[in-house]
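**Q** Contents of upload-v7.cif (mmCIF, C-alpha atoms) are given next:
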```cif
data_run
loop_
_atom_site.label_atom_id
_atom_site.label_comp_id
_atom_site.auth_asym_id
_atom_site.auth_seq_id
_atom_site.Cartn_x
_atom_site.Cartn_y
_atom_site.Cartn_z
CA MET A 1 106.22 106.40 69.00
CA GLU A 2 103.75 103.60 69.75
CA PHE A 3 100.09 102.75 70.18
CA ILE A 4 98.41 100.46 72.67
CA LEU A 5 95.84 98.00 71.32
CA LEU A 6 93.28 97.60 74.09
CA GLY A 7 91.79 94.51 72.41
CA PHE A 8 89.79 92.56 75.00
CA SER A 9 91.37 94.15 78.08
CA ASN A 10 87.87 94.99 79.36
CA VAL A 11 87.36 91.26 80.08
CA PRO A 12 90.66 90.26 81.78
CA HIS A 13 89.13 87.10 83.29
CA LEU A 14 88.48 85.77 79.76
CA GLN A 15 91.94 86.43 78.28
CA TRP A 16 93.10 82.79 78.35
CA VAL A 17 89.74 81.50 77.15
CA LEU A 18 89.85 83.91 74.21
CA PHE A 19 93.47 82.95 73.53
CA MET A 20 92.57 79.26 73.24
CA VAL A 21 89.45 79.95 71.15
CA PHE A 22 91.26 82.19 68.66
CA LEU A 23 94.26 79.85 68.48
CA PHE A 24 91.94 76.94 67.68
CA MET A 25 90.14 79.01 65.02
CA TYR A 26 93.43 80.15 63.48
CA MET A 27 94.77 76.59 63.23
CA THR A 28 91.44 75.43 61.79
CA ILE A 29 91.48 78.18 59.14
CA LEU A 30 95.07 77.33 58.16
CA LEU A 31 94.35 73.59 57.96
CA CYS A 32 91.01 73.70 56.14
CA ASN A 33 92.07 76.30 53.56
CA SER A 34 95.36 74.47 52.98
CA ILE A 35 93.42 71.27 52.27
CA ILE A 36 91.29 73.10 49.67
CA ILE A 37 94.45 74.43 47.98
CA VAL A 38 96.04 70.95 47.93
CA LEU A 39 92.85 69.38 46.52
CA ALA A 40 92.56 72.01 43.77
CA LYS A 41 96.20 71.47 42.78
CA THR A 42 96.34 67.66 42.92
CA ASP A 43 92.91 66.42 41.78
CA PRO A 44 92.50 66.58 37.94
CA ALA A 45 88.71 66.83 38.34
CA LEU A 46 89.19 70.19 40.07
CA HIS A 47 91.43 71.72 37.38
CA THR A 48 88.71 74.16 36.31
CA PRO A 49 88.43 77.97 36.57
CA MET A 50 85.95 77.69 39.45
CA TYR A 51 88.40 75.77 41.64
CA PHE A 52 91.34 77.86 40.46
CA PHE A 53 89.54 80.90 41.89
CA LEU A 54 88.57 78.96 45.01
CA SER A 55 92.19 77.90 45.71
CA ASN A 56 93.31 81.52 45.32
CA PHE A 57 90.50 82.58 47.64
CA SER A 58 91.63 80.02 50.24
CA PHE A 59 95.23 81.30 50.03
CA LEU A 60 93.91 84.85 50.42
CA GLU A 61 91.97 83.85 53.56
CA ILE A 62 95.16 82.37 55.07
CA CYS A 63 97.00 85.65 54.42
CA TYR A 64 94.06 87.71 55.70
CA VAL A 65 93.79 86.01 59.09
CA THR A 66 97.59 85.95 59.45
CA ALA A 67 97.58 89.75 59.26
CA THR A 68 95.52 89.98 62.47
CA ILE A 69 95.29 86.80 64.57
CA PRO A 70 98.98 86.15 65.44
CA ARG A 71 99.34 89.70 66.77
CA MET A 72 96.09 89.35 68.72
CA LEU A 73 97.24 86.04 70.21
CA MET A 74 100.52 87.62 71.30
CA ASP A 75 98.65 90.47 73.02
CA LEU A 76 96.33 88.02 74.79
CA TYR A 77 99.31 85.91 75.91
CA THR A 78 101.48 88.79 77.16
CA LEU A 79 98.52 90.90 78.41
CA LYS A 80 100.16 93.84 76.61
CA GLY A 81 99.02 95.63 73.50
CA ASN A 82 102.00 97.84 72.72
CA ILE A 83 102.61 98.22 68.99
CA SER A 84 104.99 100.58 67.20
CA VAL A 85 103.62 103.13 64.72
CA PHE A 86 105.42 101.35 61.86
CA ALA A 87 104.03 97.92 62.88
CA CYS A 88 100.55 99.42 63.22
CA ALA A 89 100.77 101.03 59.76
CA THR A 90 102.08 97.77 58.26
CA GLN A 91 99.25 95.75 59.80
CA MET A 92 96.61 98.22 58.63
CA TYR A 93 98.02 98.24 55.09
CA PHE A 94 97.89 94.44 54.81
CA VAL A 95 94.37 94.25 56.28
CA LEU A 96 93.11 96.89 53.83
CA MET A 97 94.99 95.49 50.83
CA LEU A 98 93.88 91.91 51.46
CA GLY A 99 90.32 93.09 52.14
CA ALA A 100 90.26 94.93 48.80
CA THR A 101 91.66 91.82 47.09
CA GLU A 102 88.87 89.72 48.62
CA CYS A 103 86.19 92.07 47.30
CA LEU A 104 87.64 91.97 43.77
CA LEU A 105 88.22 88.21 43.86
CA LEU A 106 84.62 87.59 44.93
CA ALA A 107 83.52 89.69 41.94
CA ALA A 108 85.74 87.61 39.63
CA MET A 109 84.22 84.41 41.06
CA ALA A 110 80.73 85.80 40.42
CA TYR A 111 81.70 86.55 36.80
CA ASP A 112 82.95 82.96 36.43
CA ARG A 113 79.57 81.62 37.64
CA TYR A 114 77.75 84.04 35.32
CA VAL A 115 79.66 82.80 32.26
CA ALA A 116 79.26 79.14 33.31
CA ILE A 117 75.47 79.38 33.68
CA CYS A 118 74.48 82.05 31.14
CA HIS A 119 77.02 81.21 28.39
CA PRO A 120 77.90 77.53 28.92
CA LEU A 121 78.84 76.90 25.26
CA GLN A 122 81.36 79.78 25.32
CA TYR A 123 82.67 79.03 28.83
CA SER A 124 85.93 77.35 27.78
CA LEU A 125 86.64 80.21 25.37
CA LEU A 126 85.75 83.08 27.71
CA MET A 127 87.39 81.58 30.80
CA LYS A 128 90.72 80.43 29.37
CA ASN A 129 93.71 80.01 31.70
CA LYS A 130 95.11 83.36 30.58
CA VAL A 131 91.86 85.17 31.42
CA CYS A 132 91.67 83.50 34.86
CA LEU A 133 95.28 84.47 35.62
CA GLN A 134 94.60 88.06 34.54
CA LEU A 135 91.50 88.30 36.76
CA VAL A 136 93.36 86.91 39.79
CA ALA A 137 96.42 89.12 39.16
CA ALA A 138 94.21 92.22 38.81
CA SER A 139 92.44 91.33 42.08
CA TRP A 140 95.76 91.08 43.96
CA ILE A 141 97.53 94.06 42.38
CA SER A 142 94.78 96.69 42.03
CA GLY A 143 94.53 97.52 45.72
CA ILE A 144 98.27 97.82 46.42
CA PRO A 145 98.95 101.45 45.33
CA VAL A 146 95.59 102.69 46.64
CA GLN A 147 96.03 101.15 50.10
CA ILE A 148 99.65 102.38 50.33
CA GLY A 149 98.32 105.89 49.70
CA GLN A 150 95.46 105.49 52.16
CA THR A 151 97.74 104.11 54.89
CA TYR A 152 100.20 106.97 54.37
CA GLN A 153 97.36 109.50 54.54
CA ILE A 154 96.01 108.07 57.82
CA PHE A 155 99.43 107.96 59.51
CA SER A 156 100.23 111.51 58.37
CA LEU A 157 97.56 112.72 60.84
CA HIS A 158 98.40 114.01 64.29
CA PHE A 159 97.29 111.70 67.11
CA CYS A 160 97.32 113.97 70.14
CA ALA A 161 94.26 112.81 72.08
CA SER A 162 95.47 109.37 73.14
CA ASN A 163 97.62 106.48 71.97
CA LYS A 164 95.12 103.80 73.06
CA ILE A 165 93.32 102.07 70.19
CA ASP A 166 90.12 100.44 71.40
CA HIS A 167 90.40 97.55 68.98
CA PHE A 168 92.28 94.26 68.54
CA PHE A 169 94.11 95.39 65.36
CA CYS A 170 95.01 98.67 63.66
CA ASP A 171 92.04 99.73 61.57
CA ILE A 172 90.85 103.01 60.09
CA PRO A 173 87.70 103.78 62.19
CA PRO A 174 89.37 103.51 65.65
CA LEU A 175 92.47 105.42 64.43
CA LEU A 176 90.38 108.29 63.06
CA LYS A 177 88.79 108.64 66.49
CA LEU A 178 92.24 109.39 67.94
CA ALA A 179 93.14 111.99 65.31
CA CYS A 180 93.23 115.70 66.07
CA GLY A 181 92.45 118.56 63.71
CA ASP A 182 90.43 118.49 60.52
CA ILE A 183 89.96 114.94 59.22
CA PHE A 184 87.21 115.73 56.71
CA MET A 185 89.37 114.94 53.65
CA ASN A 186 90.59 111.73 55.26
CA THR A 187 87.01 110.64 55.93
CA VAL A 188 86.01 111.45 52.33
CA ALA A 189 88.99 109.45 51.05
CA VAL A 190 87.94 106.45 53.19
CA TYR A 191 84.42 106.59 51.74
CA VAL A 192 85.71 106.93 48.15
CA VAL A 193 88.03 103.93 48.51
CA ALA A 194 85.25 101.93 50.21
CA VAL A 195 82.87 102.71 47.34
CA VAL A 196 85.45 101.71 44.71
CA PHE A 197 86.61 98.48 46.38
CA VAL A 198 83.46 97.45 48.25
CA MET A 199 80.35 98.84 46.59
CA VAL A 200 81.41 98.66 42.91
CA PRO A 201 82.41 94.95 43.08
CA PHE A 202 79.27 94.28 45.13
CA LEU A 203 77.08 95.89 42.45
CA LEU A 204 78.84 93.82 39.76
CA ILE A 205 78.12 90.69 41.80
CA ILE A 206 74.45 91.70 42.19
CA VAL A 207 74.12 92.29 38.42
CA SER A 208 75.78 88.92 37.72
CA TYR A 209 73.40 87.10 40.05
CA ILE A 210 70.32 88.86 38.69
CA LYS A 211 71.28 87.61 35.22
CA ILE A 212 72.08 84.15 36.62
CA ILE A 213 68.69 83.91 38.38
CA CYS A 214 66.84 85.10 35.27
CA ASN A 215 68.65 82.47 33.21
CA ILE A 216 67.98 79.71 35.76
CA MET A 217 64.26 80.53 35.83
CA LYS A 218 64.13 79.84 32.09
CA LEU A 219 65.29 76.26 32.60
CA SER A 220 62.51 73.73 32.16
CA SER A 221 64.18 70.98 34.19
CA ALA A 222 63.80 71.17 37.98
CA LYS A 223 67.00 69.13 38.30
CA GLY A 224 68.87 71.64 36.13
CA MET A 225 67.58 74.53 38.22
CA ALA A 226 68.65 72.82 41.46
CA LYS A 227 72.13 72.11 40.07
CA ALA A 228 72.57 75.69 38.86
CA PHE A 229 71.46 77.13 42.20
CA SER A 230 73.74 74.75 44.13
CA THR A 231 76.84 75.92 42.22
CA CYS A 232 76.11 79.54 43.18
CA SER A 233 74.69 79.26 46.69
CA SER A 234 78.03 78.84 48.51
CA HIS A 235 79.54 81.88 46.83
CA LEU A 236 76.39 83.93 47.45
CA ILE A 237 76.42 83.12 51.20
CA VAL A 238 80.07 84.24 51.50
CA VAL A 239 79.34 87.44 49.55
CA VAL A 240 76.43 88.41 51.80
CA LEU A 241 78.38 87.72 55.02
CA PHE A 242 81.59 89.47 53.98
CA TYR A 243 80.13 92.49 52.16
CA GLY A 244 77.47 93.04 54.79
CA THR A 245 79.91 93.40 57.70
CA ALA A 246 82.61 95.23 55.67
CA SER A 247 80.10 97.78 54.35
CA ILE A 248 78.78 98.58 57.83
CA THR A 249 82.35 98.97 59.15
CA TYR A 250 83.73 101.30 56.47
CA LEU A 251 80.65 103.12 55.16
CA GLN A 252 78.97 103.88 58.51
CA PRO A 253 79.83 107.33 59.94
CA LYS A 254 82.50 106.87 62.63
CA GLN A 255 80.57 108.94 65.18
CA SER A 256 77.63 106.51 65.13
CA GLN A 257 79.68 103.32 65.50
CA SER A 258 80.36 102.14 69.04
CA GLU A 259 83.69 100.49 69.94
CA GLY A 260 81.93 97.28 70.95
CA MET A 261 80.00 97.03 67.69
CA GLY A 262 83.15 97.84 65.70
CA LYS A 263 85.04 94.99 67.39
CA LEU A 264 82.15 92.57 66.85
CA LEU A 265 81.86 93.38 63.14
CA SER A 266 85.65 93.14 62.71
CA LEU A 267 85.71 89.75 64.46
CA PHE A 268 83.03 88.64 62.07
CA TYR A 269 84.75 89.50 58.78
CA THR A 270 88.37 88.94 59.84
CA ILE A 271 88.02 85.65 61.76
CA LEU A 272 84.55 84.08 61.75
CA ILE A 273 83.88 84.30 57.98
CA PRO A 274 87.33 82.87 57.02
CA ALA A 275 86.61 80.03 59.48
CA LEU A 276 83.21 79.37 57.91
CA ASN A 277 84.32 79.62 54.26
CA PRO A 278 85.86 76.12 53.98
CA ILE A 279 82.74 74.64 55.61
CA ILE A 280 80.42 76.58 53.29
CA TYR A 281 82.36 75.61 50.16
CA THR A 282 83.02 71.95 51.01
CA LEU A 283 79.81 70.70 52.62
CA ARG A 284 77.71 71.93 49.69
CA ASN A 285 80.15 70.82 47.00
CA LYS A 286 80.13 67.22 45.74
CA ASP A 287 83.35 67.64 43.72
CA ILE A 288 85.31 68.82 46.78
CA MET A 289 83.88 66.04 48.94
CA MET A 290 84.79 63.44 46.29
CA ALA A 291 88.33 64.84 46.01
CA LEU A 292 88.60 64.78 49.80
CA ARG A 293 87.64 61.08 49.89
CA LYS A 294 90.25 60.33 47.20
CA LEU A 295 92.93 62.18 49.17
CA HIS A 296 91.92 60.33 52.34
CA SER A 297 92.20 56.98 50.54
CA LYS A 298 95.64 57.88 49.17
CA LEU A 299 96.85 58.91 52.61
CA LEU A 300 95.58 55.64 54.11
CA ILE A 301 97.44 53.63 51.43
CA TRP A 302 100.60 55.65 51.98
CA TRP A 303 100.37 55.18 55.74
CA LYS A 304 99.97 51.38 55.35
CA ASN A 305 103.01 51.26 53.06
CA VAL A 306 105.07 53.27 55.55
CA LYS A 307 104.11 50.93 58.39
#
```
Let me see the structure of the file written as structure tokens.
**A**
Amino acid sequence: MEFILLGFSNVPHLQWVLFMVFLFMYMTILLCNSIIIVLAKTDPALHTPMYFFLSNFSFLEICYVTATIPRMLMDLYTLKGNISVFACATQMYFVLMLGATECLLLAAMAYDRYVAICHPLQYSLLMKNKVCLQLVAASWISGIPVQIGQTYQIFSLHFCASNKIDHFFCDIPPLLKLACGDIFMNTVAVYVVAVVFVMVPFLLIIVSYIKIICNIMKLSSAKGMAKAFSTCSSHLIVVVLFYGTASITYLQPKQSQSEGMGKLLSLFYTILIPALNPIIYTLRNKDIMMALRKLHSKLLIWWKNVK
């Protein structure tokens, strides 16, 4: 009727340290991504497809970390990891669905950069508001039925070996290790879904960036080349970090992945990367930094008027 998430129970002396670290990271992720969303909505200079996608990406990151960190904080605080089968299935569904959405949204952002750099004269026509809304809606909706089916398939298995999940959230690899009987079809299904939602968008991103780089190399102006590269570099860093860790987690055979490595990779793509994303996108982006200064000035004026 329930599972036990072992989490970080192997380091009991660090439970409170980990609790404070993850709480700080969670609050930072919520604050920084919320600021990006507010800037994209309120600053007219950021009312472009690029920042529309970025604000959606920031909202997605807030949802993504909320699917895992609050539960992990509760387990660290109570020193218990008991979780019902229904709660475990719900958590796994949201992690998988939001992860699939992130892969598709990163591909949509790459397409936006491709059109902006390779077809600048047609950009406003190709990336109309309607097209942007359709790309974002497709990114959010496409994974829902697939991940419902995958979650149902995983939790239809018999778990007779143990009810202890050596992880800090309910994920496919550690759950498959607890399953009894033949899980060949389940493993194949995991690989198929991973290829569709991880590898296919990744290949589309690679193709987009190959065309972008080829187009940039044709530019005669060094300043133009630097500007073009700067608009893509932030997105490319996030793509490499996220896809790299997600691919290793879901495409590596479960027998060859140790529990410690699985936890480390999961920490990386569920917590560390969402924490780094606002830094990556803001520090290298002059428009965001300018909008941030404007917002800061407005807040200072408002505060003086209140006083």
**Q** Select, from A:Ile141, A:Leu219, A:Ile248, A:Leu125, the residue with the minimum atom-to-atom distance to Leu264 in chain A, counting only C-alpha atoms.
**A** A:Ile248
**Q** Counting all atoms listed in the file, which residue out of A:Gln122, A:Thr270, A:Thr151, A:Ser162 sits closest to Thr90 in chain A?
**A**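 Using all atoms listed in the file, Thr90 in chain A sits closest to A:Thr151.
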**Q** With 12 Å as the threshold, what does the neighbourhood of (78.8, 92.9, 53.0) contain in terms of residues, counting only C-alpha atoms? Coordinates are those of the file; answer as a VMD selection string.
**A** chain A and resid 99 102 to 103 106 194 197 to 203 205 to 206 236 to 251 265 to 266 268 to 269 273
**Q** What's the separation between CA of Leu73 in chain A and CA of Asn10 in chain A, in Å to one decimal place?
**A**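 Taking CA of Leu73 in chain A and CA of Asn10 in chain A, their separation equals 15.9 Å.
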**Q** Given the file shown, determine the residues that the PyMOL selection byres ((chain A and resi 58) around 8) selects; report them as a VMD selection string.
**A** chain A and resid 33 to 34 36 to 37 54 to 57 59 to 62 278
**Q** Keeping C-alpha atoms for every residue in the selection just given, could you write it to a file as a CSV table (one decimal), keeping the file's coordinate frame?
**A**
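Output (again.csv):
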```
chain,number,residue,atom,x,y,z
A,33,ASN,CA,92.1,76.3,53.6
A,34,SER,CA,95.4,74.5,53.0
A,36,ILE,CA,91.3,73.1,49.7
A,37,ILE,CA,94.4,74.4,48.0
A,54,LEU,CA,88.6,79.0,45.0
A,55,SER,CA,92.2,77.9,45.7
A,56,ASN,CA,93.3,81.5,45.3
A,57,PHE,CA,90.5,82.6,47.6
A,59,PHE,CA,95.2,81.3,50.0
A,60,LEU,CA,93.9,84.8,50.4
A,61,GLU,CA,92.0,83.8,53.6
A,62,ILE,CA,95.2,82.4,55.1
A,278,PRO,CA,85.9,76.1,54.0
```
**Q** So, with all atoms listed in the file as the atoms that count, which of A:Ser208, A:Met92, A:Thr282, A:Phe3 lies closest to Tyr114 in chain A?
**A** A:Ser208
**Q** Looking at only C-alpha atoms, which of A:Val17, A:Ala40, A:Val11, A:Ile4 is the one that sits closest to Met289 in chain A?
**A**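 Going through A:Val17, A:Ala40, A:Val11, A:Ile4 one by one, the smallest distance to Met289 in chain A is for A:Ala40.
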